Structures are given as structure tokens and as C-alpha cells.
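Undergrad: Structure incoming, see below.
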Number of protein chains: 2
Amino acid sequence: MLVMSSPSGAGKTTITRALLKKDDNLSMSISATTRAPRPGEVDGEDYFFIEKTKFEDMVEKDEFLEHAKVFDNYYGTPKGPVDDALGAGKDVLFDVDWQGARDLRHAARDDQVSIFILPPSHDELERRLYTRAQDSEEVVQKRMSKAASEMSHWGEYDYIVINVDIEDSVAQVEAIMTAERLKRNRQTGLPAFVESMSGEEA
Amino acid sequence: MLVMSSPSGAGKTTITRALLKKDDNLSMSISATTRAPRPGEVDGEDYFFIEKTKFEDMVEKDEFLEHAKVFDNYYGTPKGPVDDALGAGKDVLFDVDWQGARDLRHAARDDQVSIFILPPSHDELERRLYTRAQDSEEVVQKRMSKAASEMSHWGEYDYIVINVDIEDSVAQVEAIMTAERLKRNRQTGLPAFVESMSGEEA
């Protein structure tokens, strides 16, 4: 389980898209939400759009890894698809905020790696937020303050990637995944492998 | 500090040479020994060749990170060059056996990453040992048994790289180094960096 968080504007979406494209063994966890789809959003791609009663029913049945209520809408990570992907030997990427990351940690699944993506500087983040949405000064400043609050949780993550250049950042996240797969305790076949090494020829 | 071990024939020397060539920020820790140089060995490159009395004097002054006596000769890792390289912000590579690795761990320096290189199979290791030295059956079998004993210590290392293909293995060790440098607790400038992010524009 690869958990990625960042303030908006840091480039996380671009990085995750590039990773998913390059790595066949990686799949994205899709969240469920009770909010209405925005123009262009596709059910089962951007989110699973479900009814409030259905969501509450799933909460009741403990079918979420984590869930939260933001204003009047529910958001959550359904267990089923994650377990299916992990069961098939895939790595699963979670794009969540610091609260989602904390809830995933508390969901008592050991094998998690978490990465926090930081923008290269305050000014660059501001510039990206302006360029991206052509929003008013007020809206951008509100987002900057939300970003600062999100960034204050960097200390809860295993790795920190400062996104100066997208390609470098993608390579860095790939290196993290490669390294994590090489960790001794993830290579479950090793005892038998080393055993075969000290034995006689077949 | 990057600590690498492997049985002989697994390809560690080829991997470390490639790493040192590609990574300017990496330097190799050179051991000191009291044994005589073999033909072609260069003082200060392969080893620091020093007198027994000098070695014992250095042991007395606690100038080794680790040292051991093998048959009649001493081998050890002098502290000075390692501290100089680390102080200059370099990563230092240690090519040691499992006992050296254990001694380095016990030398109470926290920031160590250890990698064990395994050969792809028993048969391939045997083939490499035969090809390399044109030694007798008996000598190769002795080496195989020494390799098996070295390999039994794989469980004491952070990462395991199975050396099927040299270029893949070099890339894997590089990924481990990249990932380790991205770990939150290694990025000492982060608190100030994040602080600057939430502040006002300069």
C-alpha cells in the first residue's frame, strides 16, 4: 500500500498519473463519495458515486478502510477493490489527505509506505494555484492557507519528495517503490531461496 | 553509511565498482590490513597496508570502526577517512563480510543501510566460482561451503538484492540509495523548508 498526500498544487495528480501509466503492477484505489459528480467526472474512474443510504449501509457493514464526512458529503475507501488488488499481488496507490493517511495507518494494515509531496517553494505553489484555476486572489489565499495546514503534517510520512521537476519526482517515487520491494521482510520467498542455495545441485 | 555484503562470486565487486563510477557523492571505505600486498594490489586503493605494530597501536587508540583478526593478519576499517567523507556530506560504501557488518552495526552509528547481494542460484554461483579462478574441484567446493555460511546471515540486512543481471542490480542499489536519501528523517532541512512555505512571500 502506497499512501501519497500533498497540498493541492504540489503536483501529486500529475505524478500519480505518470506512475500508473509506467507501472503495470500498480493500481489506484478509487474512493467512494456521496457528492454529485462534477462535469467530466466518470463513475468508477474519478470516484464511485453512491447514494447516502448505500454509503451508510457500507459503513455499518465495516466495508471501508477509512471514511470521513466533509461538509455534507461522505468520502471513503472501499475495502473490496483494495483487497482484490493486493490479493492479486498488486501495489495499491492511495491519494488521500493527511487525515485519510492517518486513518489508513490506524486501519491496522502493516504494509504501508507513505510519501508526502511538497511544492518547491511558497511562491511556486502560489503561482501554480493562480495559473491552474484563474481564481480570485481571495480563493487562492484560502487555498494557500489550506496548503500550509496540510503541509504541517509532513512529519507523519515515511518519505518526502520535493516536486521541483515532475520527471525527477516520478523517478524518485519509483526508486522508493523499487527499494521498498527489495526490503528483506517483503521478499517472502527468501528463506526457501537461500536454503536451495546451500543444498546440492538438483 | 552503505554496508554491502555477499558471498564471493555473487558479483558485489562489479556492482560496487559501477556504483562508484556513476555516483560522485559515494566514496568507498578502504580497509587497513597487516597482510602483505598481493601482486597488483595498490596501497591506499585496495587496502592501506600497514605494519602490525602500527595496527595494534591504532586499535589501542580506538581508531577503528571495526577490526578483526583472520588467521595471522589483522583487518580493520579506520575511522578517520570515514568521518572525513561523511563530514563532507558524502555517502560511504563498506564492502565487508557479515561479521564486519555486525561490528559496524555495533559501532553505534545510527545512519546505516545494509544490503546483502545474493547470487541467482546455487548452480550459477558454482559456475562463476569455476570460471573465475580455474581452481580445483576441491577449492571450489570449499568456497561454496564458505558462501553458504556467509549467506546464512542474509536475515541481518535491510535489503536483499538477487544479482541476476549486473545492470539491474546496480539500478536496484541506486534505487535503494535514492529512496533512503528521501526518508523524512534524513532530510534535515525540512522543518525550516516547510516553515518558509507557510510564511508570507519574501
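In the C-alpha cells, the first chain shown is A, the next is B, and so on; residue numbers restart at 1 for each chain, and ligands run from 1 in the order shown.
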Find the residues of chain B in contact range of chain A, meaning any atom within 10 Å when counting only C-alpha atoms, and list them as a short mmCIF file (atom, residue, chain, number, x, y, z; two decimals) with C-alpha atoms, in the first residue's frame.
TA:
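Output saved as out.cif:
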```cif
data_model
loop_
_atom_site.label_atom_id
_atom_site.label_comp_id
_atom_site.auth_asym_id
_atom_site.auth_seq_id
_atom_site.Cartn_x
_atom_site.Cartn_y
_atom_site.Cartn_z
CA ILE B 115 22.37 -4.63 1.57
CA PHE B 116 23.06 -8.29 1.02
CA LEU B 118 22.76 -12.96 -3.38
CA PRO B 119 23.71 -14.96 -6.46
CA PRO B 120 20.76 -16.03 -8.65
CA SER B 121 21.16 -19.73 -7.87
CA HIS B 122 23.41 -22.40 -6.42
CA ASP B 123 24.44 -23.62 -9.86
CA GLU B 124 25.20 -20.15 -11.16
CA LEU B 125 27.36 -19.37 -8.12
CA GLU B 126 29.28 -22.60 -8.64
CA MET B 144 30.76 -22.94 -1.97
CA SER B 145 30.57 -24.05 1.61
CA LYS B 146 32.04 -20.73 2.76
CA ALA B 147 29.45 -18.95 0.58
CA ALA B 148 26.63 -20.96 2.15
CA SER B 149 27.83 -19.98 5.59
CA MET B 151 24.58 -16.41 3.00
CA SER B 152 23.04 -17.79 6.17
CA HIS B 153 23.34 -14.23 7.54
CA TRP B 154 21.06 -12.58 4.96
CA GLY B 155 18.47 -12.03 7.69
CA GLU B 156 20.65 -9.36 9.32
CA TYR B 157 20.45 -6.96 6.36
CA ASP B 158 17.88 -4.26 5.49
CA TYR B 159 17.69 -5.04 1.78
CA ILE B 160 18.32 -8.12 -0.35
CA VAL B 161 19.37 -7.83 -3.98
CA ILE B 162 19.45 -11.00 -6.06
CA ALA B 171 19.89 0.10 -10.67
CA GLN B 172 18.34 -1.58 -7.63
CA VAL B 173 21.14 -0.46 -5.32
CA GLU B 174 20.86 3.06 -6.77
CA ALA B 175 17.10 2.99 -6.10
CA ILE B 176 17.78 1.98 -2.51
CA MET B 177 20.21 4.90 -2.11
CA THR B 178 17.78 7.37 -3.71
CA ALA B 179 14.92 6.17 -1.51
CA GLU B 180 16.99 6.24 1.65
CA ARG B 181 18.00 9.84 0.94
CA LEU B 182 14.29 10.74 0.59
CA LYS B 183 13.41 9.37 4.02
CA ARG B 184 11.88 12.03 6.19
CA ASN B 185 14.40 11.75 8.97
CA ARG B 186 17.36 12.15 6.56
CA GLN B 187 16.08 15.44 5.16
CA LEU B 190 12.74 20.09 6.11
CA PRO B 191 11.37 21.82 9.19
CA PHE B 193 11.74 24.49 4.46
CA VAL B 194 8.12 23.79 5.40
CA GLU B 195 8.17 26.76 7.75
CA SER B 196 9.21 29.01 4.85
CA MET B 197 6.32 27.60 2.83
CA SER B 198 3.61 28.73 5.18
CA GLY B 199 5.09 32.19 5.61
CA GLU B 200 4.47 35.29 3.56
CA GLU B 201 6.24 35.99 0.30
CA ALA B 202 9.79 37.23 0.64
#
```
Undergrad: Going by DSSP on the backbone, which residues of segment 19-187 of chain A come out as helix (DSSP H, G or I)? List them as an MDAnalysis selection string.
TA: chainID A and resid 19:22 52:60 79:87 98:106 122:133 137:151 154:156 166:182 184:186
Undergrad: Would you give me, as a PyMOL selection string, the residues in chain B that DSSP reads as strand (DSSP E)?
TA: chain B and resi 2-5+26-28+32-33+48-49+64-70+73-78+91-95+113-118+159-162
Undergrad: Pull N, CA and C atoms from the residues just selected and write them as a short mmCIF file (atom, residue, chain, number, x, y, z; two decimals), in the first residue's frame.
TA:
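What landed in again_36.cif:
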```cif
data_model
loop_
_atom_site.label_atom_id
_atom_site.label_comp_id
_atom_site.auth_asym_id
_atom_site.auth_seq_id
_atom_site.Cartn_x
_atom_site.Cartn_y
_atom_site.Cartn_z
N LEU B 2 26.63 2.97 3.75
CA LEU B 2 26.01 1.88 2.99
C LEU B 2 26.87 0.64 3.16
N VAL B 3 26.33 -0.36 3.82
CA VAL B 3 27.09 -1.56 4.13
C VAL B 3 26.66 -2.68 3.18
N MET B 4 27.61 -3.20 2.41
CA MET B 4 27.27 -4.27 1.47
C MET B 4 28.05 -5.53 1.74
N SER B 5 27.33 -6.64 1.79
CA SER B 5 27.99 -7.94 1.94
C SER B 5 27.44 -8.91 0.92
N LEU B 26 29.43 9.24 -3.71
CA LEU B 26 29.68 8.00 -2.98
C LEU B 26 31.17 7.74 -2.93
N SER B 27 31.69 7.43 -1.76
CA SER B 27 33.09 7.04 -1.72
C SER B 27 33.22 5.73 -0.97
N MET B 28 34.29 5.03 -1.26
CA MET B 28 34.47 3.69 -0.73
C MET B 28 35.33 3.74 0.52
N ALA B 32 42.18 -1.29 6.29
CA ALA B 32 43.61 -1.43 6.57
C ALA B 32 43.89 -2.90 6.86
N THR B 33 45.05 -3.35 6.48
CA THR B 33 45.42 -4.74 6.79
C THR B 33 46.92 -4.86 7.05
N PHE B 48 44.86 -0.14 2.85
CA PHE B 48 46.01 0.52 3.46
C PHE B 48 46.85 -0.60 4.06
N PHE B 49 48.05 -0.82 3.49
CA PHE B 49 48.92 -1.87 4.02
C PHE B 49 49.78 -1.30 5.12
N PHE B 64 39.71 2.42 14.97
CA PHE B 64 38.98 1.59 14.00
C PHE B 64 37.49 1.57 14.31
N LEU B 65 36.69 1.58 13.25
CA LEU B 65 35.25 1.37 13.41
C LEU B 65 34.99 -0.09 13.77
N GLU B 66 35.71 -0.96 13.10
CA GLU B 66 35.64 -2.39 13.38
C GLU B 66 36.96 -2.98 12.95
N HIS B 67 37.36 -4.05 13.60
CA HIS B 67 38.56 -4.76 13.14
C HIS B 67 38.46 -6.22 13.56
N ALA B 68 39.22 -7.05 12.86
CA ALA B 68 39.17 -8.49 13.14
C ALA B 68 40.51 -9.10 12.79
N LYS B 69 40.77 -10.26 13.36
CA LYS B 69 41.98 -10.99 13.04
C LYS B 69 41.57 -12.22 12.25
N VAL B 70 42.10 -12.38 11.05
CA VAL B 70 41.81 -13.56 10.23
C VAL B 70 43.12 -14.30 10.03
N ASN B 73 46.54 -12.37 10.25
CA ASN B 73 46.52 -10.97 9.83
C ASN B 73 45.35 -10.18 10.40
N TYR B 74 45.60 -8.91 10.60
CA TYR B 74 44.56 -8.01 11.05
C TYR B 74 43.91 -7.32 9.85
N TYR B 75 42.62 -7.08 9.98
CA TYR B 75 41.88 -6.27 9.01
C TYR B 75 41.02 -5.29 9.80
N GLY B 76 40.88 -4.06 9.30
CA GLY B 76 40.04 -3.12 10.04
C GLY B 76 39.64 -1.93 9.19
N THR B 77 38.60 -1.22 9.66
CA THR B 77 38.12 -0.02 8.98
C THR B 77 38.53 1.21 9.79
N PRO B 78 39.52 1.99 9.27
CA PRO B 78 39.95 3.18 10.02
C PRO B 78 38.84 4.23 10.08
N ASP B 91 28.24 9.84 0.94
CA ASP B 91 27.84 8.53 1.41
C ASP B 91 29.07 7.64 1.32
N VAL B 92 29.22 6.76 2.27
CA VAL B 92 30.39 5.89 2.28
C VAL B 92 29.95 4.43 2.17
N LEU B 93 30.59 3.74 1.25
CA LEU B 93 30.26 2.34 0.98
C LEU B 93 31.26 1.43 1.69
N PHE B 94 30.73 0.44 2.40
CA PHE B 94 31.58 -0.52 3.10
C PHE B 94 31.38 -1.90 2.50
N ASP B 95 32.47 -2.49 2.06
CA ASP B 95 32.43 -3.83 1.49
C ASP B 95 32.99 -4.77 2.57
N VAL B 113 22.67 1.75 6.22
CA VAL B 113 21.76 1.00 5.38
C VAL B 113 22.55 -0.22 4.93
N SER B 114 21.99 -1.40 5.09
CA SER B 114 22.75 -2.59 4.72
C SER B 114 22.05 -3.39 3.64
N ILE B 115 22.87 -3.87 2.72
CA ILE B 115 22.37 -4.63 1.57
C ILE B 115 23.13 -5.94 1.46
N PHE B 116 22.41 -7.00 1.26
CA PHE B 116 23.06 -8.29 1.02
C PHE B 116 22.82 -8.69 -0.43
N ILE B 117 23.91 -9.01 -1.13
CA ILE B 117 23.81 -9.41 -2.53
C ILE B 117 23.83 -10.93 -2.61
N LEU B 118 22.81 -11.50 -3.23
CA LEU B 118 22.76 -12.96 -3.38
C LEU B 118 22.98 -13.33 -4.85
N TYR B 159 18.15 -4.77 3.13
CA TYR B 159 17.69 -5.04 1.78
C TYR B 159 18.40 -6.27 1.21
N ILE B 160 17.72 -6.98 0.33
CA ILE B 160 18.32 -8.12 -0.35
C ILE B 160 18.22 -7.91 -1.86
N VAL B 161 19.36 -7.95 -2.52
CA VAL B 161 19.37 -7.83 -3.98
C VAL B 161 19.86 -9.16 -4.56
N ILE B 162 19.03 -9.76 -5.40
CA ILE B 162 19.45 -11.00 -6.06
C ILE B 162 20.06 -10.63 -7.40
#
```
